[in-house]
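Right, one structure below, let's go through it.
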Amino acid sequence: MKVPYIDLNRSHQELKSELLDAFSKTIDHGGYCLGPDVKAFEEGFASLSGFDRVVAVGSGTEALHLAGLALGIGPGDEVITPAFTFIASAWLAQYTGAKIVFSDVDSTTYTLDPNCIEKLITDKTKAIVVTHLYGQAADMDPIMDIAQKHDLKVVEDAAQAHLAQYKGRAVGTIGDAGIFSFYPTKNLGALGEGGCVVSKHAEVLDRVAVLRAHGSEVRYLNHHVGYNNRMEGLQAASLNVKLPALPEKTERRQAIAERYLARITNPAVILPQPVEWGKCVNHVFTVLHEKRDEFKDYLTSKGVGVDIVYPVPLHLQPCFAYLGYNEGDFPVSEKSAARCLSLPIFPELTDDEVDYVIECINNY
């Protein structure tokens, strides 16, 4: 048996006629950049997720950039960022001209460790970026306590955490701003790039809405230095087709994760652990193994698609060498990067495929 790590074609074939019909309507009304499809998506995603308002942009990375700018982050500021995450989490500081200050992560959740934050704070610290990695909400209460104590902004990178909650609250609106990505492989994915910003502060969203469209509040009158970060109508149209199924697809991801957790018995494989503050929405199901590369080769030889998410912690990325970090600075991040391996968990997987993955792992 061959089990792909991800297979977008399975879900897209089911929706192909609906997608083509939606694209036809977009072509008819001509709203290719922002427009009625984007407005409908903003309203629909906000309603489904429990947000008051959403501002759609061209990608999750753009959302991070504009959220940082809208919160007033810029040159001379420092931004604390987890060392184990996708690199876009660090672009918020990089793109706004602030200094990136990396922090280690928790060994259970792989999200920002609240116990590591306070010692990194200086009089230049302006914000904390928190990534809800793999669809697992970070432990937000202690992070928010630290932020409030030191008057810091908090940006939630929820690119992988659609519909995730922390103690009953939707991730993204616990801090000062939150972002989501709609890259094709995400739990809710477009047929290209897409993203959005959410916030409990109306002025932050107002600012993002202006910045995404060349800094213009009135057409051809540019009040601010802005960017071309508008969501495309065709991408919004695809998201509007997919949005109603997001709760069901999320439940399927969680069911697959529960099957893995209950039936993988190989003692050498370290499984992700549930946390008391919220159920993971399982964008990725990542295990740890001391001999990860050998384990990966074995599963690949058995036809099981796997991925390494993420193999190099951010403080050791070549592009950040100028910051002066060294191997050993963040041991949990480094150990996680060296041992992590992600298993198939997309919603269209069959139970037989999941059971085959489990059988292969237990036989290793």
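Each chain of the structure tokens is named A, B, ... in the order shown, its residues numbered from 1; ligands are numbered from 1 in display order.
Look at segment 52-65 of chain A: the protein and nucleic acid residues within 6 Å of it, using only C-alpha atoms and passing over chain neighbours fewer than 2 places away, are Glu42, Ala46, Ala67, Gly68, Ala88, Leu92, Ile179, Phe180, Ser181, Glu193, Gly194, Gly195, Cys196, Val197, Val198, Asn229, Arg230 and Met231 of chain A.
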Just to be explicit: take each residue in the selection above, keep N, CA and C atoms, and write the result as an mmCIF file, in the first residue's frame.
data_model
loop_
_atom_site.group_PDB
_atom_site.id
_atom_site.type_symbol
_atom_site.label_atom_id
_atom_site.label_comp_id
_atom_site.auth_asym_id
_atom_site.auth_seq_id
_atom_site.Cartn_x
_atom_site.Cartn_y
_atom_site.Cartn_z
ATOM 1 N N GLU A 42 -14.588 37.056 4.058
ATOM 2 C CA GLU A 42 -14.295 37.726 5.330
ATOM 3 C C GLU A 42 -15.451 37.531 6.313
ATOM 4 N N ALA A 46 -15.222 34.852 9.538
ATOM 5 C CA ALA A 46 -15.424 35.485 10.839
ATOM 6 C C ALA A 46 -16.567 34.818 11.593
ATOM 7 N N ALA A 67 0.176 43.026 10.236
ATOM 8 C CA ALA A 67 -0.194 43.054 11.649
ATOM 9 C C ALA A 67 0.889 43.746 12.465
ATOM 10 N N GLY A 68 2.146 43.436 12.153
ATOM 11 C CA GLY A 68 3.245 44.087 12.849
ATOM 12 C C GLY A 68 3.243 45.589 12.629
ATOM 13 N N ALA A 88 8.238 32.121 8.519
ATOM 14 C CA ALA A 88 7.416 33.321 8.366
ATOM 15 C C ALA A 88 7.108 33.986 9.701
ATOM 16 N N LEU A 92 7.816 38.767 10.619
ATOM 17 C CA LEU A 92 7.132 39.935 11.182
ATOM 18 C C LEU A 92 8.149 40.959 11.661
ATOM 19 N N ILE A 179 -3.159 36.057 12.984
ATOM 20 C CA ILE A 179 -3.133 35.863 11.535
ATOM 21 C C ILE A 179 -3.430 34.408 11.194
ATOM 22 N N PHE A 180 -4.022 34.227 10.008
ATOM 23 C CA PHE A 180 -4.263 32.897 9.473
ATOM 24 C C PHE A 180 -3.721 32.828 8.048
ATOM 25 N N SER A 181 -3.321 31.646 7.649
ATOM 26 C CA SER A 181 -2.877 31.390 6.280
ATOM 27 C C SER A 181 -3.874 30.468 5.609
ATOM 28 N N GLU A 193 -2.318 31.337 -2.861
ATOM 29 C CA GLU A 193 -2.013 31.997 -1.598
ATOM 30 C C GLU A 193 -3.233 32.733 -1.053
ATOM 31 N N GLY A 194 -3.244 32.913 0.267
ATOM 32 C CA GLY A 194 -4.280 33.695 0.923
ATOM 33 C C GLY A 194 -3.988 33.783 2.404
ATOM 34 N N GLY A 195 -4.496 34.826 3.040
ATOM 35 C CA GLY A 195 -4.309 34.990 4.477
ATOM 36 C C GLY A 195 -5.286 36.009 5.012
ATOM 37 N N CYS A 196 -5.278 36.200 6.327
ATOM 38 C CA CYS A 196 -6.131 37.230 6.916
ATOM 39 C C CYS A 196 -5.576 37.639 8.274
ATOM 40 N N VAL A 197 -6.030 38.808 8.719
ATOM 41 C CA VAL A 197 -5.701 39.332 10.039
ATOM 42 C C VAL A 197 -6.991 39.443 10.839
ATOM 43 N N VAL A 198 -6.923 39.065 12.106
ATOM 44 C CA VAL A 198 -8.034 39.264 13.031
ATOM 45 C C VAL A 198 -7.500 40.034 14.239
ATOM 46 N N ASN A 229 -1.243 44.008 -1.008
ATOM 47 C CA ASN A 229 -1.454 42.764 -0.264
ATOM 48 C C ASN A 229 -2.917 42.347 -0.256
ATOM 49 N N ARG A 230 -3.616 42.605 -1.338
ATOM 50 C CA ARG A 230 -5.034 42.284 -1.404
ATOM 51 C C ARG A 230 -5.258 40.797 -1.716
ATOM 52 N N MET A 231 -6.261 40.213 -1.095
ATOM 53 C CA MET A 231 -6.647 38.854 -1.487
ATOM 54 C C MET A 231 -7.303 38.905 -2.858
#
So that I can check the surroundings of Pro184 of chain A, please list as a list in words every protein, DNA and RNA residue that reaches within 10 Å of it, counting only C-alpha atoms and ignoring chain neighbours fewer than 4 positions away.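 Contacts, in chain order: Leu8, Leu188, Gly189, Ala190, Leu191, Gly192, Glu193, Gly194 and Leu239 of chain A.
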So that I have them on file, write out the residues from the current selection with N, CA and C atoms, as a short mmCIF file (atom, residue, chain, number, x, y, z; two decimals), in the first residue's frame.
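Full text of part.cif as output:
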data_model
loop_
_atom_site.label_atom_id
_atom_site.label_comp_id
_atom_site.auth_asym_id
_atom_site.auth_seq_id
_atom_site.Cartn_x
_atom_site.Cartn_y
_atom_site.Cartn_z
N LEU A 8 -3.97 16.73 -2.15
CA LEU A 8 -4.99 17.76 -2.35
C LEU A 8 -5.97 17.37 -3.44
N LEU A 188 -7.71 24.95 6.05
CA LEU A 188 -8.57 25.61 5.08
C LEU A 188 -7.65 26.25 4.05
N GLY A 189 -7.59 25.66 2.87
CA GLY A 189 -6.62 26.10 1.88
C GLY A 189 -7.27 26.58 0.59
N ALA A 190 -6.73 27.65 0.05
CA ALA A 190 -7.18 28.16 -1.26
C ALA A 190 -6.51 27.33 -2.36
N LEU A 191 -6.65 27.77 -3.60
CA LEU A 191 -5.95 27.14 -4.71
C LEU A 191 -4.73 27.98 -5.09
N GLY A 192 -4.19 28.62 -4.11
CA GLY A 192 -3.03 29.49 -4.25
C GLY A 192 -2.77 30.11 -2.88
N GLU A 193 -2.32 31.34 -2.86
CA GLU A 193 -2.01 32.00 -1.60
C GLU A 193 -3.23 32.73 -1.05
N GLY A 194 -3.24 32.91 0.27
CA GLY A 194 -4.28 33.69 0.92
C GLY A 194 -3.99 33.78 2.40
N LEU A 239 -12.14 29.54 -1.45
CA LEU A 239 -12.30 29.41 0.00
C LEU A 239 -13.77 29.38 0.40
#
Extract the full set of strand (DSSP E or B) residues from segment 178-207 of chain A according to DSSP on the backbone, and format it as a VMD selection string. chain A and resid 178 to 181 195 to 198
Neighbour list for His214 of chain A as a PDB file with C-alpha atoms, in the first residue's frame, cut-off 10 Å, only C-alpha atoms, skip fewer than 6 positions in-chain:
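Printed below is selection.pdb as written:
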ATOM      1  CA  TYR A 220      -5.865  57.370  -5.886  1.00  0.00           C
ATOM      2  CA  LEU A 221      -5.257  59.293  -2.666  1.00  0.00           C
ATOM      3  CA  ASN A 222      -2.539  57.564  -0.643  1.00  0.00           C
ATOM      4  CA  HIS A 223      -2.473  58.593   2.984  1.00  0.00           C
ATOM      5  CA  HIS A 224       0.153  56.065   4.036  1.00  0.00           C
ATOM      6  CA  VAL A 225       3.032  54.069   2.574  1.00  0.00           C
ATOM      7  CA  GLY A 226       1.169  50.892   1.757  1.00  0.00           C
ATOM      8  CA  TYR A 227       1.506  47.549  -0.004  1.00  0.00           C
ATOM      9  CA  ASN A 228      -0.227  45.475  -2.631  1.00  0.00           C
ATOM     10  CA  ASN A 229      -1.454  42.764  -0.264  1.00  0.00           C
ATOM     11  CA  ARG A 230      -5.034  42.284  -1.404  1.00  0.00           C
TER      12      ARG A 230
END
Which residues of segment 107-182 of chain A sit at most 9 Å from segment 284-290 of chain A, using only C-alpha atoms? Give each one's shortest atom pair and distance in Å (one decimal place), in chain and ascending residue order, as a tab-separated table.
residue	atom	partner	partner_atom	distance
A:Leu133	CA	A:Val284	CA	8.6
A:Tyr134	CA	A:Val284	CA	4.9
A:Gly135	CA	A:Val284	CA	7.0
A:Gln160	CA	A:Val284	CA	8.3
Report as a ChimeraX atom specification: the residues of segment 29-94 of chain A with a DSSP assignment of helix (DSSP H, G or I), based on the backbone of this structure. /A:29,36-49,60-70,88-94
Determine, counting only C-alpha atoms, which protein, DNA and RNA residues have an atom within 10 Å of an atom of Ile6 of chain A; residues of the same chain fewer than 2 positions away are not included. Present the result as JSON, numbers by chain. {"A": [3, 4, 8, 9, 10, 185, 305, 306, 307, 343, 344, 345, 346, 347, 348, 349]}
Using only C-alpha atoms, which of A:Ala159, A:Asn363, A:Val105, A:Tyr183 sits nearest Gln235 of chain A? A:Tyr183
Counting only C-alpha atoms, figure out which residue out of A:Lys335, A:His162, A:Val210, A:Glu14 gets nearest to Leu243 of chain A.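 Smallest separation from Leu243 of chain A among the options: A:His162.
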Residues near Pro331 of chain A, cut-off 12 Å, only C-alpha atoms, skip fewer than 5 positions along chain, as a PDB file with N, CA and C atoms, in the first residue's frame:
ATOM      1  N   ALA A  83      11.936  29.858  18.379  1.00  0.00           N
ATOM      2  CA  ALA A  83      13.009  29.375  17.507  1.00  0.00           C
ATOM      3  C   ALA A  83      12.603  28.150  16.696  1.00  0.00           C
ATOM      4  N   PHE A  84      11.533  27.476  17.111  1.00  0.00           N
ATOM      5  CA  PHE A  84      11.071  26.289  16.387  1.00  0.00           C
ATOM      6  C   PHE A  84       9.685  26.572  15.822  1.00  0.00           C
ATOM      7  N   SER A 103      13.439  32.659  21.167  1.00  0.00           N
ATOM      8  CA  SER A 103      13.167  32.019  22.448  1.00  0.00           C
ATOM      9  C   SER A 103      12.961  30.534  22.225  1.00  0.00           C
ATOM     10  N   ASP A 104      13.226  29.749  23.249  1.00  0.00           N
ATOM     11  CA  ASP A 104      13.006  28.310  23.144  1.00  0.00           C
ATOM     12  C   ASP A 104      11.526  27.987  23.298  1.00  0.00           C
ATOM     13  N   VAL A 105      11.169  26.737  22.974  1.00  0.00           N
ATOM     14  CA  VAL A 105       9.781  26.296  23.000  1.00  0.00           C
ATOM     15  C   VAL A 105       9.586  25.228  24.067  1.00  0.00           C
ATOM     16  N   ASP A 106       8.336  24.963  24.354  1.00  0.00           N
ATOM     17  CA  ASP A 106       7.974  23.927  25.318  1.00  0.00           C
ATOM     18  C   ASP A 106       8.204  22.548  24.715  1.00  0.00           C
ATOM     19  N   SER A 107       8.703  21.617  25.488  1.00  0.00           N
ATOM     20  CA  SER A 107       9.064  20.297  24.973  1.00  0.00           C
ATOM     21  C   SER A 107       7.850  19.415  24.691  1.00  0.00           C
ATOM     22  N   TYR A 110       5.682  22.185  21.647  1.00  0.00           N
ATOM     23  CA  TYR A 110       6.538  22.819  20.630  1.00  0.00           C
ATOM     24  C   TYR A 110       6.147  24.284  20.402  1.00  0.00           C
ATOM     25  N   CYS A 116      10.493  30.940  29.326  1.00  0.00           N
ATOM     26  CA  CYS A 116      11.708  31.441  28.687  1.00  0.00           C
ATOM     27  C   CYS A 116      11.620  32.915  28.295  1.00  0.00           C
ATOM     28  N   PRO A 313      16.013  24.710  13.194  1.00  0.00           N
ATOM     29  CA  PRO A 313      15.432  25.791  14.004  1.00  0.00           C
ATOM     30  C   PRO A 313      15.861  27.149  13.466  1.00  0.00           C
ATOM     31  N   HIS A 315      17.010  29.934  14.683  1.00  0.00           N
ATOM     32  CA  HIS A 315      18.251  30.619  15.097  1.00  0.00           C
ATOM     33  C   HIS A 315      19.482  30.050  14.395  1.00  0.00           C
ATOM     34  N   LEU A 316      19.326  28.871  13.745  1.00  0.00           N
ATOM     35  CA  LEU A 316      20.435  28.278  12.996  1.00  0.00           C
ATOM     36  C   LEU A 316      20.239  28.383  11.483  1.00  0.00           C
ATOM     37  N   ASN A 326      24.103  30.505  18.266  1.00  0.00           N
ATOM     38  CA  ASN A 326      24.945  29.328  18.064  1.00  0.00           C
ATOM     39  C   ASN A 326      24.186  28.050  18.401  1.00  0.00           C
ATOM     40  N   SER A 336      14.040  19.050  19.069  1.00  0.00           N
ATOM     41  CA  SER A 336      12.800  18.802  18.328  1.00  0.00           C
ATOM     42  C   SER A 336      13.069  18.753  16.828  1.00  0.00           C
ATOM     43  N   ALA A 337      13.856  19.697  16.334  1.00  0.00           N
ATOM     44  CA  ALA A 337      14.163  19.745  14.906  1.00  0.00           C
ATOM     45  C   ALA A 337      14.924  18.506  14.446  1.00  0.00           C
ATOM     46  N   ALA A 338      15.752  17.967  15.311  1.00  0.00           N
ATOM     47  CA  ALA A 338      16.576  16.807  14.960  1.00  0.00           C
ATOM     48  C   ALA A 338      15.798  15.495  15.019  1.00  0.00           C
TER      49      ALA A 338
END
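Summary of the local environment: counting only C-alpha atoms, residues at most 9 Å from Ala98 of chain A, other than itself and those fewer than 3 positions away along its chain, are Ile73, Gly74, Pro75, Gly76, Asp77, Glu78, Val79, Leu92, Ala93, Gln94, Tyr95 and Lys126 of chain A.
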Put those residues in a file: N, CA and C atoms, as a short mmCIF file (atom, residue, chain, number, x, y, z; two decimals), in the first residue's frame.
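Written file, result.cif:
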data_model
loop_
_atom_site.label_atom_id
_atom_site.label_comp_id
_atom_site.auth_asym_id
_atom_site.auth_seq_id
_atom_site.Cartn_x
_atom_site.Cartn_y
_atom_site.Cartn_z
N ILE A 73 5.09 48.28 15.26
CA ILE A 73 6.41 47.68 15.41
C ILE A 73 7.32 48.18 14.30
N GLY A 74 8.55 48.56 14.66
CA GLY A 74 9.45 49.10 13.65
C GLY A 74 10.89 49.11 14.09
N PRO A 75 11.75 49.82 13.37
CA PRO A 75 13.17 49.89 13.70
C PRO A 75 13.40 50.34 15.13
N GLY A 76 14.37 49.69 15.78
CA GLY A 76 14.68 50.00 17.17
C GLY A 76 13.94 49.13 18.16
N ASP A 77 12.88 48.43 17.70
CA ASP A 77 12.13 47.53 18.57
C ASP A 77 12.73 46.13 18.54
N GLU A 78 12.40 45.35 19.54
CA GLU A 78 12.75 43.93 19.59
C GLU A 78 11.48 43.11 19.68
N VAL A 79 11.48 41.97 18.99
CA VAL A 79 10.31 41.09 18.97
C VAL A 79 10.74 39.68 19.34
N LEU A 92 7.82 38.77 10.62
CA LEU A 92 7.13 39.94 11.18
C LEU A 92 8.15 40.96 11.66
N ALA A 93 9.10 40.51 12.46
CA ALA A 93 10.14 41.43 12.94
C ALA A 93 11.05 41.87 11.80
N GLN A 94 11.48 40.93 10.98
CA GLN A 94 12.41 41.23 9.90
C GLN A 94 11.84 42.28 8.94
N TYR A 95 10.61 42.08 8.53
CA TYR A 95 10.01 42.97 7.53
C TYR A 95 9.69 44.36 8.09
N LYS A 126 9.16 45.13 22.15
CA LYS A 126 7.87 45.72 21.79
C LYS A 126 6.77 44.68 21.68
#
